[in-house]
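Structure first, commentary second.
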There are 2 protein chains.
Amino acid sequence: MKDGAGVLWVDGELVPAGEARVDPRDRGYALGDGLFETMRAREGRLPWLECHLARLRGGAVVIGLSAIPDDGVLAGAIYETLEANGLSEAVVRLTVSRGVPARRSLLPEPGPTPTLVIGVQPFVGYPPSLYDRGMRAITSRIPRNERSPLARIKALSYLENVLARREADAGGADEALLLNTAGRLACASAANLFLALDGALLTPDPGSGVLPGTVRELVLAELAPRMGLTVAERAVRPEELAAAEEAFLTSALLGIMPLTGVNGFPVGTGEPGPVSSGLSVELEKAWSGRLERGKGVP
Amino acid sequence: MKDGAGVLWVDGELVPAGEARVDPRDRGYALGDGLFETMRAREGRLPWLECHLARLRGGAVVIGLSAIPDDGVLAGAIYETLEANGLSEAVVRLTVSRGVPARRSLLPEPGPTPTLVIGVQPFVGYPPSLYDRGMRAITSRIPRNERSPLARIKALSYLENVLARREADAGGADEALLLNTAGRLACASAANLFLALDGALLTPDPGSGVLPGTVRELVLAELAPRMGLTVAERAVRPEELAAAEEAFLTSALLGIMPLTGVNGFPVGTGEPGPVSSGLSVELEKAWSGRLERGKGVP
């Protein structure tokens with residue numbers, strides 16, 4: 001059985017996954033013309049849903065996608081899909097594509113109705129043993145174009161990230177680190193990158209070609225300050241990773257994942273360190289705190 | 001009525017367009033993970049089909065997409081779709097996507113069955129008046145990443161091209177020229193670029209971040225030699241376009257399209273010139289010659 005068999009939400013209707021349909025002429029399928037968000041539901045709740053939807057709307061402005069339903073409608077649809085699938089621990093994928101044009105053209109027409117798809121799968125997560133040893137990465141040969149608007153939005157045109165991940169897999173690694181065209185560190189194929197260096201945190205700045213990850217933003221705004229850590233956002237040279245005491249990756253699905261090796265060399269001691277474990281604890285507290293404040297409730 | 005309403009070929013079956021279905025979990029829709037070709041049928045024939053399919057297979061190697069049906073099957077499906085739609089003057093779009101994975105992951109699984117879609121629309125073409133005045137382009141602010149494998153294949157992750165075309169439209173232009181990250185000319189949003197300079201032809205080389213367009217390759221191999229023109233493939237500086245006697249764009253749908261203005265300035269005289277019109281004549285001859293040699297016949 002396919003993972004995620006069950007029920008998908010497509011343009012306002014719940015449909016059995018095997019029958020769900022996107023029109024092949026949809027610009028999302030034909031041209032990668034759309035956006036997505038991948039989120040984690042825990043105990044049936046998405047306390048950071050508003051962050052994901054804010055990012056989605058930011059991307060919609062960049063690519064000129066209009067008429068996305070408001071947050072209440074999207075939240076309702078997500079919780080409805082979780083319920084219909086009987087899932088409370090889930091990966092939630094929201095896709096918004098530009099829809100079916102009246103005429104074939106590279107140029108989008110003004111104001112077509114976007115297609116919306118919500119799919120949920122059981123959240124399996126990564127094995128605790130992986131957090132215990134940390135991920136090992138290779139550096140991808142594909143440079144990330146930090147001057148492209150796509151570097152800062154979560155667009156359906158995601159094949160470069162797929163190819164970087166293939167490279168990692170072919171090299172026996174868990175992840176691929178992407179350098180931008182200036183040779184500075186940007187991110188991993190599907191995660192943001194942080195270094196602990198000289199007792200402070202360091203992460204590539206948006207200008208380096210970085211998606212504003214939800215956990216990245218949380219580390220900056222909440223988690224690092226609570227640990228008394230300062231964070232610098234700036235261009236990061238690969239040599240700084242070699243000199244770092246620790247490094248870790250962040251994403252909505254990974255949370256805080258230690259990065260303990262790159263290109264066969266250890267990062268820091270080669271073991272997960274106290275900064276990433278401290279931030280993981282803070283992330284858990286932040287999650288509980290959000291729920292106590294009534295966030296992420298259906 | 002939607003353009004292209006009619007019948008689509010989806011995984012071996014002809015389906016009315018409004019009922020045709022791609023699974024929303026298909027990696028083509030979810031991640032822009034796939035390839036496409038856009039071709040022109042004239043008098044029901046596609047004399048350069050083998051060039052398109054060769055390029056498709058080249059792209060499949062780059063992204064690791066296997067199990068694409070052989071050329072005979074694809075050709076048969078294309079001619080069948082044309083016939084089912086009663087079209088002989090058509091734009092044919094072939095899409096191959098990585099299909100529905102058994103598990104959600106950025107990393108593709110080995111050997112899933114790709115999804116194949118063929119759609120045809122009446123070929124309207126561009127008005128003769130546009131060929132008479134030539135296209136006017138702006139230079140896009142989005143640099144093309146010449147070091148990405150996606151720069152040289154026709155991938156479904158095509159949103160950057162869409163955004164460049166939007167920029168052109170917003171600037172009142174017909175097309176957008178893309179500079180690569182080194183500031184050299186690469187191509188237009190959906191066409192290759194040629195300059196006539198000092199009595200010879202000049203076109204950005206593959207290393208500049210150029211898709212090997214079917215008409216581009218034909219100009220290099222057949223049309224220019226027949227006119228006694230030499231062609232240099234190399235990095236091209238924007239200043240060379242300003243100094244060119246003529247410029248033109250090539251694609252399977254455009255053929256040879258004069259480029260007569262860039263960023264509000266005329267290219268050459270600002271009028272279509274003898275090189276592009278001569279090459280258009282040669283392209284027509286090449287088309288007839290192919291048909292006489294039995295190419296492109298169902």
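Each chain in the structure tokens gets a letter, A, B and so on, in the order shown; residues start at 1 in every chain, and ligands are counted from 1 in the order they appear.
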Stretch 283-293 of chain B environment, 12 Å, only C-alpha atoms, sequence neighbours closer than 4 positions dropped, as a PyMOL selection string: chain B and resi 40-50+214-224+226-227+250-252+254-257+276-279+297-298
What residues in chain A have any atom no more than 6 Å from chain B when counting only C-alpha atoms, and can you write them as a PyMOL selection string? chain A and resi 2-3+21-24+28-29+31-33+102-103+106-107+142+148+156-159+162+165-166
Check the DSSP output for the backbone and give back, as a PDB file with N, CA and C atoms, in the first residue's frame, the residues of stretch 137-258 of chain B in helix (DSSP H, G or I).
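Okay, this is what ended up in result-v5.pdb:
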ATOM      1  N   PRO B 149      22.578  21.542 -13.068  1.00  0.00           N
ATOM      2  CA  PRO B 149      22.211  20.617 -14.159  1.00  0.00           C
ATOM      3  C   PRO B 149      20.881  20.983 -14.804  1.00  0.00           C
ATOM      4  N   LEU B 150      20.020  21.699 -14.069  1.00  0.00           N
ATOM      5  CA  LEU B 150      18.717  22.067 -14.631  1.00  0.00           C
ATOM      6  C   LEU B 150      18.835  23.070 -15.773  1.00  0.00           C
ATOM      7  N   ALA B 151      19.959  23.767 -15.862  1.00  0.00           N
ATOM      8  CA  ALA B 151      20.115  24.761 -16.929  1.00  0.00           C
ATOM      9  C   ALA B 151      20.205  24.096 -18.303  1.00  0.00           C
ATOM     10  N   ARG B 152      20.547  22.817 -18.323  1.00  0.00           N
ATOM     11  CA  ARG B 152      20.780  22.153 -19.610  1.00  0.00           C
ATOM     12  C   ARG B 152      19.764  21.063 -19.937  1.00  0.00           C
ATOM     13  N   LEU B 159       9.714  27.128 -12.873  1.00  0.00           N
ATOM     14  CA  LEU B 159       9.121  28.362 -12.350  1.00  0.00           C
ATOM     15  C   LEU B 159      10.000  29.589 -12.565  1.00  0.00           C
ATOM     16  N   GLU B 160      11.319  29.408 -12.564  1.00  0.00           N
ATOM     17  CA  GLU B 160      12.196  30.562 -12.815  1.00  0.00           C
ATOM     18  C   GLU B 160      11.920  31.155 -14.199  1.00  0.00           C
ATOM     19  N   ASN B 161      11.698  30.276 -15.172  1.00  0.00           N
ATOM     20  CA  ASN B 161      11.389  30.754 -16.518  1.00  0.00           C
ATOM     21  C   ASN B 161      10.051  31.493 -16.528  1.00  0.00           C
ATOM     22  N   VAL B 162       9.086  30.956 -15.772  1.00  0.00           N
ATOM     23  CA  VAL B 162       7.785  31.621 -15.666  1.00  0.00           C
ATOM     24  C   VAL B 162       7.956  33.021 -15.074  1.00  0.00           C
ATOM     25  N   LEU B 163       8.763  33.130 -14.027  1.00  0.00           N
ATOM     26  CA  LEU B 163       8.953  34.435 -13.377  1.00  0.00           C
ATOM     27  C   LEU B 163       9.677  35.417 -14.295  1.00  0.00           C
ATOM     28  N   ALA B 164      10.617  34.911 -15.075  1.00  0.00           N
ATOM     29  CA  ALA B 164      11.310  35.782 -16.027  1.00  0.00           C
ATOM     30  C   ALA B 164      10.323  36.297 -17.075  1.00  0.00           C
ATOM     31  N   ARG B 165       9.434  35.410 -17.543  1.00  0.00           N
ATOM     32  CA  ARG B 165       8.447  35.848 -18.535  1.00  0.00           C
ATOM     33  C   ARG B 165       7.480  36.865 -17.942  1.00  0.00           C
ATOM     34  N   ARG B 166       7.148  36.692 -16.657  1.00  0.00           N
ATOM     35  CA  ARG B 166       6.283  37.678 -15.986  1.00  0.00           C
ATOM     36  C   ARG B 166       6.970  39.041 -15.947  1.00  0.00           C
ATOM     37  N   GLU B 167       8.273  39.019 -15.672  1.00  0.00           N
ATOM     38  CA  GLU B 167       9.036  40.272 -15.654  1.00  0.00           C
ATOM     39  C   GLU B 167       8.967  40.958 -17.009  1.00  0.00           C
ATOM     40  N   ALA B 168       9.137  40.158 -18.074  1.00  0.00           N
ATOM     41  CA  ALA B 168       9.072  40.715 -19.424  1.00  0.00           C
ATOM     42  C   ALA B 168       7.712  41.362 -19.658  1.00  0.00           C
ATOM     43  N   ASP B 169       6.672  40.646 -19.304  1.00  0.00           N
ATOM     44  CA  ASP B 169       5.317  41.142 -19.528  1.00  0.00           C
ATOM     45  C   ASP B 169       5.076  42.431 -18.739  1.00  0.00           C
ATOM     46  N   ALA B 170       5.537  42.433 -17.484  1.00  0.00           N
ATOM     47  CA  ALA B 170       5.354  43.623 -16.643  1.00  0.00           C
ATOM     48  C   ALA B 170       6.102  44.817 -17.237  1.00  0.00           C
ATOM     49  N   PRO B 206      27.087  25.806 -24.240  1.00  0.00           N
ATOM     50  CA  PRO B 206      26.369  25.060 -23.196  1.00  0.00           C
ATOM     51  C   PRO B 206      26.810  25.448 -21.782  1.00  0.00           C
ATOM     52  N   GLY B 207      28.094  25.708 -21.605  1.00  0.00           N
ATOM     53  CA  GLY B 207      28.591  26.087 -20.283  1.00  0.00           C
ATOM     54  C   GLY B 207      28.039  27.410 -19.771  1.00  0.00           C
ATOM     55  N   SER B 208      27.430  28.198 -20.662  1.00  0.00           N
ATOM     56  CA  SER B 208      26.811  29.452 -20.237  1.00  0.00           C
ATOM     57  C   SER B 208      25.450  29.228 -19.583  1.00  0.00           C
ATOM     58  N   THR B 214      16.224  22.417 -29.976  1.00  0.00           N
ATOM     59  CA  THR B 214      16.245  21.644 -31.218  1.00  0.00           C
ATOM     60  C   THR B 214      16.547  22.538 -32.417  1.00  0.00           C
ATOM     61  N   VAL B 215      15.981  23.744 -32.439  1.00  0.00           N
ATOM     62  CA  VAL B 215      16.271  24.640 -33.565  1.00  0.00           C
ATOM     63  C   VAL B 215      17.692  25.189 -33.437  1.00  0.00           C
ATOM     64  N   ARG B 216      18.128  25.442 -32.211  1.00  0.00           N
ATOM     65  CA  ARG B 216      19.533  25.857 -32.000  1.00  0.00           C
ATOM     66  C   ARG B 216      20.485  24.842 -32.627  1.00  0.00           C
ATOM     67  N   GLU B 217      20.274  23.573 -32.320  1.00  0.00           N
ATOM     68  CA  GLU B 217      21.176  22.538 -32.826  1.00  0.00           C
ATOM     69  C   GLU B 217      21.101  22.464 -34.350  1.00  0.00           C
ATOM     70  N   LEU B 218      19.903  22.699 -34.875  1.00  0.00           N
ATOM     71  CA  LEU B 218      19.717  22.671 -36.321  1.00  0.00           C
ATOM     72  C   LEU B 218      20.430  23.846 -37.000  1.00  0.00           C
ATOM     73  N   VAL B 219      20.364  25.014 -36.374  1.00  0.00           N
ATOM     74  CA  VAL B 219      21.087  26.169 -36.917  1.00  0.00           C
ATOM     75  C   VAL B 219      22.577  25.852 -36.979  1.00  0.00           C
ATOM     76  N   LEU B 220      23.097  25.288 -35.892  1.00  0.00           N
ATOM     77  CA  LEU B 220      24.531  24.981 -35.825  1.00  0.00           C
ATOM     78  C   LEU B 220      24.937  23.950 -36.869  1.00  0.00           C
ATOM     79  N   ALA B 221      24.130  22.882 -36.976  1.00  0.00           N
ATOM     80  CA  ALA B 221      24.557  21.737 -37.792  1.00  0.00           C
ATOM     81  C   ALA B 221      24.209  21.896 -39.265  1.00  0.00           C
ATOM     82  N   GLU B 222      23.107  22.571 -39.564  1.00  0.00           N
ATOM     83  CA  GLU B 222      22.610  22.572 -40.948  1.00  0.00           C
ATOM     84  C   GLU B 222      22.388  23.959 -41.547  1.00  0.00           C
ATOM     85  N   LEU B 223      21.610  24.785 -40.818  1.00  0.00           N
ATOM     86  CA  LEU B 223      21.111  26.002 -41.462  1.00  0.00           C
ATOM     87  C   LEU B 223      22.214  27.036 -41.683  1.00  0.00           C
ATOM     88  N   ALA B 224      23.038  27.251 -40.666  1.00  0.00           N
ATOM     89  CA  ALA B 224      24.114  28.236 -40.823  1.00  0.00           C
ATOM     90  C   ALA B 224      25.128  27.785 -41.874  1.00  0.00           C
ATOM     91  N   PRO B 225      25.583  26.525 -41.819  1.00  0.00           N
ATOM     92  CA  PRO B 225      26.514  26.077 -42.866  1.00  0.00           C
ATOM     93  C   PRO B 225      25.955  26.267 -44.281  1.00  0.00           C
ATOM     94  N   ARG B 226      24.649  26.023 -44.450  1.00  0.00           N
ATOM     95  CA  ARG B 226      24.060  26.196 -45.786  1.00  0.00           C
ATOM     96  C   ARG B 226      24.097  27.645 -46.260  1.00  0.00           C
ATOM     97  N   PRO B 238      26.989  40.937 -22.671  1.00  0.00           N
ATOM     98  CA  PRO B 238      25.843  41.761 -23.080  1.00  0.00           C
ATOM     99  C   PRO B 238      26.244  42.866 -24.051  1.00  0.00           C
ATOM    100  N   GLU B 239      27.453  43.378 -23.920  1.00  0.00           N
ATOM    101  CA  GLU B 239      27.905  44.443 -24.826  1.00  0.00           C
ATOM    102  C   GLU B 239      27.961  43.952 -26.265  1.00  0.00           C
ATOM    103  N   GLU B 240      28.164  42.658 -26.434  1.00  0.00           N
ATOM    104  CA  GLU B 240      28.218  42.131 -27.805  1.00  0.00           C
ATOM    105  C   GLU B 240      26.841  42.174 -28.463  1.00  0.00           C
ATOM    106  N   LEU B 241      25.799  42.028 -27.627  1.00  0.00           N
ATOM    107  CA  LEU B 241      24.445  42.150 -28.175  1.00  0.00           C
ATOM    108  C   LEU B 241      24.207  43.593 -28.628  1.00  0.00           C
ATOM    109  N   ALA B 242      24.712  44.532 -27.841  1.00  0.00           N
ATOM    110  CA  ALA B 242      24.557  45.947 -28.207  1.00  0.00           C
ATOM    111  C   ALA B 242      25.293  46.262 -29.513  1.00  0.00           C
ATOM    112  N   ALA B 243      26.353  45.505 -29.773  1.00  0.00           N
ATOM    113  CA  ALA B 243      27.161  45.762 -30.974  1.00  0.00           C
ATOM    114  C   ALA B 243      26.726  44.914 -32.165  1.00  0.00           C
TER     115      ALA B 243
END
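Considering the residues B:Pro112, B:Pro266, B:Pro122, B:Gly12 and counting only C-alpha atoms, B:Leu87 has its shortest atom-to-atom contact with B:Pro122.
The residue that comes closest to A:Gly199, out of A:Gly86, A:Pro274, A:Gly6, A:Gly59 and on the basis of only C-alpha atoms, is A:Pro274.
Separating atom CA of A:Phe194 from atom CA of A:Leu249 is a distance of 6.3 Å.
In this structure, atom CA of B:Val275 sits 29.0 Å away from atom CA of B:Leu53.
Across B:Leu185, B:Glu89, B:Asp174, B:Leu65, the tightest approach to B:Leu130 is made by B:Asp174 when counting only C-alpha atoms.
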DSSP strand (DSSP E) residues within stretch 191-253 of chain A, listed as a PyMOL selection string: chain A and resi 192-197+200-204+231-234+246-251
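Pairwise distance (atom CA of A:Val231, atom CA of A:Val281) equals 17.8 Å.
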Could you pull the residues within 12 Å of B:Asp71, counting only C-alpha atoms, minus those fewer than 5 positions along the same chain, as a ChimeraX atom specification? /B:49-57,76-78
